[in-house]
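So this block is query-v4.cif, mmCIF, C-alpha atoms:
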```
data_run
#
loop_
_atom_site.label_atom_id
_atom_site.label_comp_id
_atom_site.auth_asym_id
_atom_site.auth_seq_id
_atom_site.Cartn_x
_atom_site.Cartn_y
_atom_site.Cartn_z
CA MET A 58 0.00 0.00 0.00
CA LEU A 59 1.31 3.43 -0.92
CA ILE A 60 1.12 6.08 1.76
CA LEU A 61 1.09 9.85 1.31
CA GLY A 62 2.42 11.61 4.41
CA ILE A 63 1.71 15.30 5.06
CA GLU A 64 3.53 17.22 7.79
CA THR A 65 3.07 20.92 8.57
CA ALA A 66 3.30 21.21 12.36
CA THR A 67 6.28 23.57 12.44
CA VAL A 68 7.69 26.26 10.15
CA GLN A 69 8.66 23.36 7.93
CA ALA A 70 6.12 21.94 5.49
CA GLY A 71 6.80 18.47 4.14
CA CYS A 72 5.32 15.54 2.31
CA ALA A 73 6.52 12.05 1.43
CA ILE A 74 5.37 8.95 -0.43
CA GLY A 75 6.32 5.47 0.62
CA GLY A 76 5.24 2.03 1.62
CA HIS A 77 6.78 -1.36 2.31
CA GLU A 78 9.81 -0.41 0.19
CA GLY A 79 10.44 2.58 2.44
CA VAL A 80 10.26 6.21 1.43
CA LEU A 81 10.14 6.69 -2.37
CA ALA A 82 10.15 10.48 -2.50
CA SER A 83 9.92 13.38 -0.12
CA ALA A 84 10.06 17.18 -0.11
CA HIS A 85 10.49 19.64 2.74
CA SER A 86 10.79 23.38 2.93
CA ALA A 87 11.23 25.51 6.02
CA LYS A 88 11.29 29.00 4.61
CA GLY A 89 8.73 31.72 5.12
CA LYS A 90 5.75 29.89 6.63
CA ARG A 91 4.29 29.30 3.20
CA HIS A 92 2.52 26.06 4.04
CA ALA A 93 -0.58 26.77 2.00
CA GLU A 94 1.43 27.89 -1.04
CA ASN A 95 4.06 25.14 -0.91
CA LEU A 96 2.25 22.00 0.12
CA THR A 97 0.16 21.01 -2.88
CA PRO A 98 2.88 21.76 -5.48
CA ALA A 99 5.23 19.67 -3.32
CA ILE A 100 2.79 16.75 -3.34
CA ALA A 101 2.56 16.99 -7.15
CA PHE A 102 6.37 17.11 -7.31
CA ILE A 103 6.96 13.99 -5.19
CA CYS A 104 4.31 12.04 -7.11
CA GLU A 105 6.15 12.93 -10.31
CA GLN A 106 9.55 12.04 -8.83
CA ALA A 107 8.28 8.69 -7.56
CA GLN A 108 6.39 8.12 -10.83
CA ILE A 109 3.16 7.59 -9.01
CA GLU A 110 -0.34 8.76 -9.84
CA LEU A 111 -2.14 10.26 -6.88
CA SER A 112 -4.91 7.70 -7.47
CA GLU A 113 -2.46 4.93 -6.47
CA ILE A 114 -2.30 6.28 -2.91
CA GLY A 115 -4.04 3.90 -0.51
CA LEU A 116 -3.61 5.79 2.75
CA VAL A 117 -3.08 9.39 3.82
CA ALA A 118 -1.03 9.98 6.96
CA VAL A 119 -0.94 13.39 8.60
CA ASP A 120 0.93 15.06 11.43
CA ILE A 121 -1.83 16.18 13.82
CA GLY A 122 0.46 18.28 16.03
CA PRO A 123 0.90 19.78 18.51
CA GLY A 124 2.45 22.65 16.59
CA LEU A 125 1.71 25.88 14.78
CA PHE A 126 -2.02 26.42 14.49
CA THR A 127 -1.84 27.95 11.05
CA GLY A 128 0.42 25.20 9.70
CA LEU A 129 -1.61 22.37 11.19
CA ARG A 130 -4.80 23.66 9.67
CA VAL A 131 -3.28 23.65 6.19
CA GLY A 132 -1.83 20.15 6.58
CA VAL A 133 -4.85 18.51 8.18
CA ALA A 134 -7.30 20.14 5.73
CA THR A 135 -5.16 19.12 2.74
CA ALA A 136 -4.74 15.55 4.00
CA LYS A 137 -8.48 15.22 4.61
CA ALA A 138 -9.26 16.60 1.17
CA VAL A 139 -6.95 14.10 -0.53
CA ALA A 140 -8.28 11.18 1.55
CA PHE A 141 -11.86 12.24 0.88
CA ALA A 142 -11.32 12.54 -2.87
CA LEU A 143 -9.50 9.20 -3.09
CA ARG A 144 -11.88 7.50 -0.61
CA VAL A 145 -8.95 6.11 1.37
CA PRO A 146 -8.45 5.84 5.15
CA MET A 147 -6.20 8.08 7.23
CA ILE A 148 -3.72 7.80 10.08
CA GLY A 149 -2.90 10.71 12.36
CA VAL A 150 0.48 10.83 14.11
CA SER A 151 1.70 13.27 16.74
CA SER A 152 4.45 15.70 15.75
CA LEU A 153 6.30 14.83 18.97
CA ASP A 154 6.31 11.11 18.04
CA LEU A 155 7.79 12.11 14.67
CA LEU A 156 10.58 14.06 16.37
CA ALA A 157 11.48 11.24 18.76
CA PHE A 158 11.41 8.42 16.19
CA PRO A 159 14.58 9.29 14.16
CA VAL A 160 16.70 9.62 17.32
CA ARG A 161 15.47 6.37 18.88
CA PHE A 162 18.82 4.53 18.97
CA THR A 163 19.77 5.73 22.41
CA PRO A 164 19.35 4.39 25.94
CA ARG A 165 18.85 7.97 27.09
CA LEU A 166 15.50 9.53 27.87
CA ILE A 167 14.28 11.26 24.70
CA VAL A 168 12.44 14.56 25.08
CA ALA A 169 10.74 15.97 21.99
CA ALA A 170 10.08 19.72 22.20
CA ILE A 171 8.34 21.86 19.59
CA ASP A 172 8.34 25.67 19.67
CA ALA A 173 4.88 26.80 20.81
CA ARG A 174 5.97 30.46 20.50
CA ARG A 175 6.33 33.16 23.09
CA ASN A 176 8.71 31.15 25.26
CA GLU A 177 6.53 28.05 25.43
CA LEU A 178 7.07 24.49 24.27
CA TYR A 179 4.97 21.46 23.43
CA TYR A 180 6.82 18.47 24.78
CA ALA A 181 6.64 14.78 25.68
CA LEU A 182 9.05 12.14 27.02
CA TYR A 183 10.01 8.93 25.18
CA ARG A 184 11.96 5.70 25.68
CA GLN A 185 13.45 3.43 23.08
CA VAL A 186 11.54 0.16 22.60
CA PRO A 187 12.20 -2.58 20.01
CA GLY A 188 11.41 -1.09 16.59
CA GLY A 189 10.71 2.45 17.76
CA VAL A 190 9.95 4.69 20.70
CA GLN A 191 7.26 4.67 23.33
CA ARG A 192 5.78 7.85 24.72
CA ILE A 193 5.93 7.81 28.51
CA SER A 194 4.27 11.16 29.25
CA GLU A 195 1.24 13.00 27.92
CA PRO A 196 2.06 15.82 25.48
CA THR A 197 2.19 19.02 27.53
CA VAL A 198 2.46 22.76 26.93
CA GLY A 199 4.77 24.67 29.26
CA SER A 200 7.54 27.22 29.39
CA ALA A 201 11.12 26.33 28.54
CA ASP A 202 11.97 26.96 32.21
CA ASP A 203 9.22 24.52 33.30
CA LEU A 204 10.75 21.82 31.11
CA ALA A 205 14.28 22.64 32.29
CA SER A 206 13.17 22.27 35.93
CA GLU A 207 11.46 18.99 35.12
CA LEU A 208 14.61 17.63 33.47
CA LEU A 209 16.79 18.83 36.35
CA ALA A 210 14.53 16.98 38.82
CA LEU A 211 14.72 13.77 36.75
CA SER A 212 18.51 13.79 37.01
CA GLU A 213 18.83 11.48 34.04
CA GLU A 214 20.76 11.48 30.77
CA VAL A 215 18.49 13.24 28.27
CA LEU A 216 18.50 13.68 24.51
CA LEU A 217 16.47 16.80 23.74
CA VAL A 218 15.18 17.12 20.17
CA GLY A 219 13.13 19.70 18.31
CA ASP A 220 13.00 23.32 17.13
CA GLY A 221 11.81 24.31 20.62
CA ALA A 222 15.01 22.98 22.15
CA HIS A 223 17.04 25.17 19.78
CA ARG A 224 14.99 28.32 20.10
CA TYR A 225 15.07 28.29 23.91
CA ARG A 226 18.42 26.57 24.34
CA GLU A 227 19.62 29.06 27.00
CA ALA A 228 17.02 27.55 29.34
CA PHE A 229 18.88 24.21 29.14
CA ASP A 230 22.41 25.64 29.25
CA GLY A 231 23.24 24.65 32.80
CA LEU A 232 21.92 21.11 32.50
CA THR A 233 25.00 18.92 32.08
CA LYS A 234 23.01 15.73 31.50
CA VAL A 235 20.99 17.22 28.65
CA GLU A 236 22.25 17.10 25.07
CA ILE A 237 20.39 18.91 22.30
CA VAL A 238 20.12 17.10 18.96
CA ASP A 239 21.51 19.03 15.98
CA GLN A 240 19.39 21.31 13.78
CA GLY A 241 19.15 18.72 11.03
CA ASN A 242 16.72 16.67 13.09
CA SER A 243 14.86 19.52 14.74
CA PHE A 244 11.69 19.35 12.63
CA PRO A 245 9.28 16.42 12.35
CA SER A 246 9.84 14.78 8.97
CA ALA A 247 7.27 13.53 6.51
CA ALA A 248 9.56 10.55 5.85
CA SER A 249 9.27 9.49 9.51
CA LEU A 250 5.54 10.00 9.23
CA VAL A 251 5.32 7.55 6.33
CA GLN A 252 7.46 5.02 8.21
CA LEU A 253 5.37 5.23 11.38
CA ALA A 254 2.10 5.19 9.47
CA HIS A 255 3.24 2.13 7.55
CA ALA A 256 3.84 0.20 10.77
CA GLN A 257 0.43 1.26 12.00
CA ALA A 258 -1.21 0.36 8.68
CA LEU A 259 0.14 -3.20 8.93
CA ARG A 260 -1.94 -3.49 12.10
CA GLU A 261 -4.88 -2.02 10.16
CA ASP A 262 -5.07 0.69 12.75
CA PHE A 263 -6.83 3.22 10.52
CA GLN A 264 -8.89 6.29 11.31
CA GLN A 265 -11.91 7.74 9.58
CA ILE A 266 -11.58 11.20 8.06
CA ASP A 267 -14.03 12.70 10.55
CA SER A 268 -12.09 11.47 13.56
CA ILE A 269 -8.83 13.18 12.54
CA GLN A 270 -8.46 16.41 14.50
CA PRO A 271 -5.46 18.67 15.10
CA MET A 272 -4.05 18.26 18.62
CA TYR A 273 -4.34 21.75 20.08
CA LEU A 274 -2.66 21.70 23.47
CA ARG A 275 -3.93 24.62 25.43
CA ARG A 276 -4.40 25.91 28.89
CA PRO A 277 -7.80 25.70 30.59
CA ASP A 278 -10.41 27.68 28.71
CA ALA A 279 -12.59 30.53 29.91
CA GLU A 280 -15.75 31.95 28.45
CA ILE A 281 -15.57 35.50 27.07
CA ASN A 282 -17.76 37.91 29.02
CA TRP A 283 -20.06 39.37 26.38
CA ALA A 284 -22.52 41.23 28.60
CA THR A 285 -22.17 44.22 26.22
CA ARG A 286 -22.65 42.26 23.01
CA ASP A 287 -25.55 40.14 24.17
CA SER A 288 -27.53 43.08 25.51
CA ALA A 289 -27.04 44.98 22.23
CA PRO A 290 -30.21 45.43 20.18
CA MET B 280 0.39 52.63 37.80
CA ASN B 281 -0.21 53.74 34.24
CA SER B 282 2.24 56.30 33.04
CA GLY B 283 -0.19 58.69 31.45
CA ARG B 284 -2.99 58.33 28.99
CA VAL B 285 -3.35 60.27 25.79
CA GLN B 286 -6.66 61.61 24.57
CA ALA B 287 -7.57 62.74 21.09
CA GLY B 288 -10.63 63.67 19.12
CA SER B 289 -11.78 63.22 15.53
CA SER B 290 -14.76 64.61 13.69
CA SER B 291 -14.83 62.30 10.67
CA PRO B 292 -13.82 58.76 9.65
CA GLU B 293 -11.02 60.26 7.51
CA GLN B 294 -9.65 62.13 10.53
CA THR B 295 -9.84 58.88 12.48
CA ARG B 296 -7.76 57.24 9.77
CA GLU B 297 -5.18 60.05 9.84
CA LEU B 298 -4.94 59.88 13.61
CA ALA B 299 -4.51 56.11 13.50
CA ALA B 300 -1.82 56.44 10.82
CA ALA B 301 0.08 58.80 13.13
CA ILE B 302 -0.01 56.16 15.88
CA ALA B 303 1.13 53.49 13.45
CA GLU B 304 4.24 55.54 12.64
CA LEU B 305 5.41 54.65 16.15
CA ALA B 306 4.63 50.93 15.85
CA ARG B 307 7.38 48.34 16.20
CA PRO B 308 7.58 44.63 15.37
CA CYS B 309 5.51 42.42 17.72
CA ASP B 310 3.33 45.30 18.94
CA LEU B 311 -0.20 44.58 20.05
CA VAL B 312 -3.04 47.11 19.87
CA LEU B 313 -6.49 46.46 21.34
CA LEU B 314 -9.47 48.41 20.02
CA VAL B 315 -12.35 49.01 22.40
CA GLY B 316 -15.60 50.60 21.31
CA ASP B 317 -19.22 49.93 20.46
CA LEU B 318 -20.42 48.83 17.05
CA GLY B 319 -20.03 51.73 14.65
CA ALA B 320 -17.50 53.53 16.83
CA GLY B 321 -14.91 53.32 14.05
CA LYS B 322 -12.66 50.40 14.96
CA THR B 323 -12.33 49.32 11.36
CA ALA B 324 -11.78 52.91 10.15
CA PHE B 325 -9.06 53.18 12.79
CA THR B 326 -7.42 49.99 11.52
CA GLN B 327 -7.59 51.23 7.93
CA GLY B 328 -5.63 54.32 8.92
CA PHE B 329 -3.32 52.31 11.13
CA GLY B 330 -2.59 50.01 8.20
CA ARG B 331 -1.90 53.05 6.00
CA GLY B 332 0.66 54.17 8.62
CA LEU B 333 2.28 50.74 8.46
CA GLY B 334 2.60 51.01 4.70
CA VAL B 335 -0.16 48.54 3.87
CA ASP B 336 -1.40 49.16 0.32
CA ASP B 337 -4.26 46.66 0.23
CA GLN B 338 -7.77 47.69 1.18
CA ILE B 339 -8.43 46.81 4.82
CA THR B 340 -11.93 45.49 5.47
CA SER B 341 -13.75 44.41 8.60
CA PRO B 342 -12.53 41.01 9.80
CA THR B 343 -15.80 40.25 11.62
CA PHE B 344 -16.55 37.27 9.39
CA ALA B 345 -13.07 36.12 8.41
CA LEU B 346 -11.90 36.57 12.06
CA VAL B 347 -8.31 37.26 10.96
CA GLN B 348 -6.90 39.10 7.98
CA SER B 349 -3.24 39.66 7.29
CA TYR B 350 -1.65 42.42 5.26
CA THR B 351 1.84 43.12 3.99
CA GLY B 352 3.44 46.49 4.67
CA ARG B 353 6.57 48.14 6.05
CA LEU B 354 5.46 46.12 9.06
CA ASP B 355 3.00 43.32 8.38
CA LEU B 356 -0.39 43.67 10.01
CA TYR B 357 -2.70 41.07 11.51
CA HIS B 358 -6.23 42.38 11.98
CA LEU B 359 -8.52 40.32 14.21
CA ASP B 360 -12.07 40.68 15.41
CA VAL B 361 -13.08 38.49 18.34
CA TYR B 362 -16.72 39.67 18.39
CA ARG B 363 -18.06 36.32 17.19
CA LEU B 364 -16.00 34.19 19.58
CA GLU B 365 -17.35 32.64 22.76
CA HIS B 366 -14.21 31.26 24.43
CA MET B 367 -10.67 32.51 25.01
CA ASN B 368 -9.25 29.41 23.40
CA GLU B 369 -10.98 30.19 20.12
CA ALA B 370 -8.75 33.26 19.96
CA LEU B 371 -5.72 31.07 20.58
CA ASP B 372 -6.97 28.66 17.89
CA LEU B 373 -6.61 31.50 15.40
CA GLY B 374 -2.87 31.25 15.98
CA LEU B 375 -2.58 34.30 18.23
CA SER B 376 0.75 33.20 19.74
CA GLU B 377 2.19 32.82 16.25
CA MET B 378 0.99 36.28 15.19
CA LEU B 379 2.46 37.92 18.28
CA ASP B 380 5.77 36.15 17.64
CA ASP B 381 6.05 37.10 14.01
CA GLU B 382 7.73 40.55 13.79
CA SER B 383 4.33 41.89 12.76
CA VAL B 384 1.85 44.24 14.41
CA THR B 385 -1.44 42.78 15.66
CA VAL B 386 -4.64 44.81 16.02
CA ILE B 387 -7.55 43.13 17.81
CA GLU B 388 -11.07 44.57 17.72
CA TRP B 389 -12.86 43.92 21.04
CA GLY B 390 -9.45 42.82 22.34
CA ASP B 391 -10.32 44.02 25.86
CA LYS B 392 -12.61 40.98 26.13
CA ILE B 393 -9.75 38.49 25.81
CA THR B 394 -6.98 40.11 27.84
CA GLN B 395 -6.68 36.87 29.87
CA ALA B 396 -5.40 35.21 26.71
CA LEU B 397 -3.00 38.05 25.84
CA PRO B 398 0.41 39.17 27.04
CA ARG B 399 0.12 42.11 29.47
CA ASP B 400 1.92 44.40 27.08
CA TYR B 401 -0.25 46.34 24.66
CA LEU B 402 -1.79 49.68 23.73
CA GLU B 403 -5.51 49.90 24.43
CA VAL B 404 -7.36 52.37 22.23
CA SER B 405 -10.86 53.17 23.47
CA ILE B 406 -13.20 54.88 21.03
CA THR B 407 -16.36 56.61 22.27
CA PHE B 408 -19.03 58.70 20.57
CA GLY B 409 -18.73 62.48 20.83
CA GLN B 410 -21.30 65.26 20.52
CA GLY B 411 -21.75 65.36 16.75
CA GLU B 412 -22.77 62.31 14.74
CA GLU B 413 -19.27 61.81 13.35
CA ASP B 414 -17.35 62.99 16.42
CA ARG B 415 -15.26 60.38 18.18
CA LEU B 416 -13.10 60.51 21.28
CA PHE B 417 -9.99 58.38 21.61
CA GLU B 418 -8.23 57.37 24.79
CA LEU B 419 -4.89 55.59 24.51
CA ARG B 420 -3.85 53.56 27.53
CA PRO B 421 -0.52 51.70 27.59
CA VAL B 422 -0.33 48.44 29.50
CA GLY B 423 3.18 47.10 30.03
CA SER B 424 6.53 48.63 29.17
CA ARG B 425 6.52 48.43 25.38
CA TRP B 426 3.98 51.23 24.89
CA GLN B 427 4.57 53.04 28.19
CA ALA B 428 8.01 53.90 26.84
CA ARG B 429 6.38 55.57 23.82
CA MET B 430 3.68 57.63 25.53
CA ARG B 431 5.57 60.89 25.18
CA ALA B 432 6.09 60.24 21.47
CA LEU B 433 2.40 59.36 21.15
CA THR B 434 1.39 62.60 22.83
CA VAL B 435 3.51 64.53 20.34
CA ALA B 436 2.26 62.50 17.38
CA LEU B 437 -1.36 63.14 18.32
CA SER B 438 -0.97 66.81 19.24
CA ALA B 439 -2.90 67.80 16.10
CA TRP B 440 -5.94 65.92 17.43
CA SER B 441 -5.35 66.76 21.07
CA ILE B 442 -8.16 67.37 23.54
CA SER B 443 -6.08 67.26 26.71
CA SER B 444 -3.66 64.84 28.23
CA GLU B 445 -2.35 63.99 31.65
CA PRO B 446 1.29 64.90 32.12
CA VAL B 447 3.61 62.10 31.17
CA SER B 448 5.26 60.75 34.31
CA GLY B 449 8.97 60.39 34.94
CA GLU B 450 8.66 56.64 34.66
CA SER B 451 7.95 56.83 30.98
CA VAL B 452 10.80 59.27 30.41
CA SER B 453 13.27 56.75 31.74
CA GLY B 454 11.56 54.09 29.61
CA GLU B 455 11.94 56.28 26.58
CA SER B 456 15.66 56.58 27.07
CA ALA B 457 16.05 52.80 26.95
CA THR B 458 17.93 51.83 23.84
CA GLY B 459 17.26 49.09 21.35
CA GLU B 460 14.11 47.39 20.16
CA PRO B 461 11.95 45.67 22.75
CA PRO B 462 12.04 41.91 22.26
CA CYS B 463 8.95 40.08 21.00
#
```
Can you present the structure in this file as structure tokens?
Amino acid sequence: MLILGIETATVQAGCAIGGHEGVLASAHSAKGKRHAENLTPAIAFICEQAQIELSEIGLVAVDIGPGLFTGLRVGVATAKAVAFALRVPMIGVSSLDLLAFPVRFTPRLIVAAIDARRNELYYALYRQVPGGVQRISEPTVGSADDLASELLALSEEVLLVGDGAHRYREAFDGLTKVEIVDQGNSFPSAASLVQLAHAQALREDFQQIDSIQPMYLRRPDAEINWATRDSAP
Amino acid sequence: MNSGRVQAGSSSPEQTRELAAAIAELARPCDLVLLVGDLGAGKTAFTQGFGRGLGVDDQITSPTFALVQSYTGRLDLYHLDVYRLEHMNEALDLGLSEMLDDESVTVIEWGDKITQALPRDYLEVSITFGQGEEDRLFELRPVGSRWQARMRALTVALSAWSISSEPVSGESVSGESATGEPPC
């Protein structure tokens, strides 16, 4: 089964095609937050490069975040549109899982951290397991200092990966047991998405289009006080 | 303590636009401006002028239905209207954190309703109706250091539309002497 993977959770927008043979083609760009403009031409490009007609796609995988709200909306809407048109199932994968997966060959604790803007991070903790990684904490939103305190308290060797780790690296400066993974692996990749979705597809662990939703991690909500508006004539 | 408020008056939508453009001349990347005022007070007219001051060439229209509109200028502008929202998180769902972290200027109509979801660093512009049908009164209130440091400059910029203004306190003078751009 051929899988189209779509990934737009960070400033990078990416897509990949692959299946049991691995990844056949992929494209990523991380310049200028042009997700909406770049994504569909990139899909057309990788189809051409892999010599595949879009109609041959049997599954659409999408990064459901957490991540940039504007990027996620473009990626999830595009993935749903393709799946709907082709009448194929979908698989949603967390951006944090995608960050942790490529750096899985380590006995260290893996912490995936995506830039949530304005000094905040989306993050989760992972451990290596045979064939991949296992998430051992719920995805959380918190400040870089919150995460640094958490890691200090754990007092464990940590591999920290993601654009959030780079942007707020000063927060982790004093932590001798924490190593930050290089820039080259700091965005979730569509290639990892295809790999993870393929493993999940073998278990026939599909999702319906309607059940795919972006993962918006937020703080507790409050209602807006509209006394003025609602009393208006 | 607020270091001074600035008041100004306008007697037509075009004057409102000119006044807003004068304020926009002082805008910096990552600034946040909240517009407070009843329906028809001139929040959109204000934003049109503000956009003109930022060097936006495109026509600025009310974002009530689109919720967010973005424009390219000397500084890029995000124009939001939260009037149709019911929860704070809906404002965050629009990507508010990304807009405020984007070297752009963000203007939010009815922004006073969602201050819980906003950084405490913004300029609040309250618009009220004056005597004549087209008369409007403006009160500019800085919250946080970014705009407090510019209150003296704002007073000067708006002197042509001045009604009266409280004296600018010493606190803002020291703020004004601070060098460099405020971080986002």
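Between CA of Gln395 in chain B and CA of Leu359 in chain B the separation is 16.1 Å.
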### Task
Given the file shown, enumerate the residues that the PyMOL selection byres ((chain B) within 12 of (chain A)) captures and present them as number ranges by chain.
B: 309, 315-318, 347, 361-382, 389-398, 462-463
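Proximity of A:Asp239, A:Glu214, A:Asp267, A:Glu78 to Val160 in chain A, computed with all atoms listed in the file, is greatest for A:Asp239.
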### Task
Would you list the contacts of Ala303 in chain B as a list in words, taking every protein, DNA or RNA residue within 7 Å and counting all atoms listed in the file, but skipping same-chain residues closer than 4 positions in sequence?
Ala299, Phe329, Gly332 and Leu333 of chain B
### Task
May I ask for the distance between CA of Leu208 in chain A and CA of Val168 in chain A, given in Å to one decimal place?
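Between these atoms lies a distance of 9.2 Å.
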### Task
May I have the residues within 10 Å of Thr233 in chain A as a VMD selection string, using only C-alpha atoms and disregarding those fewer than 6 positions away in the same chain?
chain A and resid 209 212 to 215
Who sits within 10 Å of Gln108 in chain A, all atoms listed in the file, same chain under 4 positions skipped, as a JSON list (two decimals) with C-alpha atoms, keeping the file's coordinate frame:
```json
[["chain", "number", "residue", "atom", "x", "y", "z"],
["A", 81, "LEU", "CA", 10.14, 6.69, -2.37],
["A", 82, "ALA", "CA", 10.15, 10.48, -2.50],
["A", 102, "PHE", "CA", 6.37, 17.11, -7.31],
["A", 103, "ILE", "CA", 6.96, 13.99, -5.19],
["A", 104, "CYS", "CA", 4.31, 12.04, -7.11]]
```
### Query
Nearest to Ala93 in chain A among A:Glu64, A:Asp120, A:Asp203, A:Asp154, with distances taken over all atoms listed in the file: which residue is it?
A:Glu64
#### Entry: Residues selected by the PyMOL selection byres ((chain B and resi 323) around 9), written as a ChimeraX atom specification
/B:319-322,324-328,339-342,388
Just add N, CA and C atoms to range 281-301 of chain B and send it as a short mmCIF file (atom, residue, chain, number, x, y, z; two decimals), keeping the file's coordinate frame.
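Final file, selection10.cif:
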```
data_model
loop_
_atom_site.label_atom_id
_atom_site.label_comp_id
_atom_site.auth_asym_id
_atom_site.auth_seq_id
_atom_site.Cartn_x
_atom_site.Cartn_y
_atom_site.Cartn_z
N ASN B 281 -0.36 53.47 35.66
CA ASN B 281 -0.21 53.74 34.24
C ASN B 281 0.49 55.06 34.05
N SER B 282 1.49 55.07 33.23
CA SER B 282 2.24 56.30 33.04
C SER B 282 1.56 57.14 31.97
N GLY B 283 0.45 57.74 32.34
CA GLY B 283 -0.19 58.69 31.45
C GLY B 283 -1.06 58.06 30.39
N ARG B 284 -2.15 58.74 30.11
CA ARG B 284 -2.99 58.33 28.99
C ARG B 284 -3.00 59.49 28.02
N VAL B 285 -3.27 59.20 26.77
CA VAL B 285 -3.35 60.27 25.79
C VAL B 285 -4.77 60.28 25.26
N GLN B 286 -5.33 61.49 25.14
CA GLN B 286 -6.66 61.61 24.57
C GLN B 286 -6.59 62.38 23.27
N ALA B 287 -7.52 62.04 22.37
CA ALA B 287 -7.57 62.74 21.09
C ALA B 287 -9.00 62.72 20.59
N GLY B 288 -9.28 63.61 19.67
CA GLY B 288 -10.63 63.67 19.12
C GLY B 288 -10.60 63.72 17.61
N SER B 289 -11.66 63.20 17.00
CA SER B 289 -11.78 63.22 15.53
C SER B 289 -13.21 63.59 15.19
N SER B 290 -13.39 64.25 14.05
CA SER B 290 -14.76 64.61 13.69
C SER B 290 -15.21 63.98 12.37
N SER B 291 -14.40 63.01 11.88
CA SER B 291 -14.83 62.30 10.67
C SER B 291 -14.04 60.99 10.56
N PRO B 292 -14.57 60.01 9.83
CA PRO B 292 -13.82 58.76 9.65
C PRO B 292 -12.44 59.01 9.04
N GLU B 293 -12.32 60.00 8.13
CA GLU B 293 -11.02 60.26 7.51
C GLU B 293 -10.03 60.80 8.55
N GLN B 294 -10.52 61.66 9.46
CA GLN B 294 -9.65 62.13 10.53
C GLN B 294 -9.23 60.98 11.44
N THR B 295 -10.16 60.06 11.68
CA THR B 295 -9.84 58.88 12.48
C THR B 295 -8.71 58.11 11.82
N ARG B 296 -8.80 57.97 10.49
CA ARG B 296 -7.76 57.24 9.77
C ARG B 296 -6.41 57.95 9.87
N GLU B 297 -6.44 59.30 9.76
CA GLU B 297 -5.18 60.05 9.84
C GLU B 297 -4.54 59.93 11.23
N LEU B 298 -5.40 60.00 12.22
CA LEU B 298 -4.94 59.88 13.61
C LEU B 298 -4.32 58.50 13.84
N ALA B 299 -5.00 57.48 13.32
CA ALA B 299 -4.51 56.11 13.50
C ALA B 299 -3.18 55.91 12.77
N ALA B 300 -3.07 56.55 11.58
CA ALA B 300 -1.82 56.44 10.82
C ALA B 300 -0.67 57.05 11.60
N ALA B 301 -0.96 58.14 12.32
CA ALA B 301 0.08 58.80 13.13
C ALA B 301 0.55 57.87 14.26
#
```
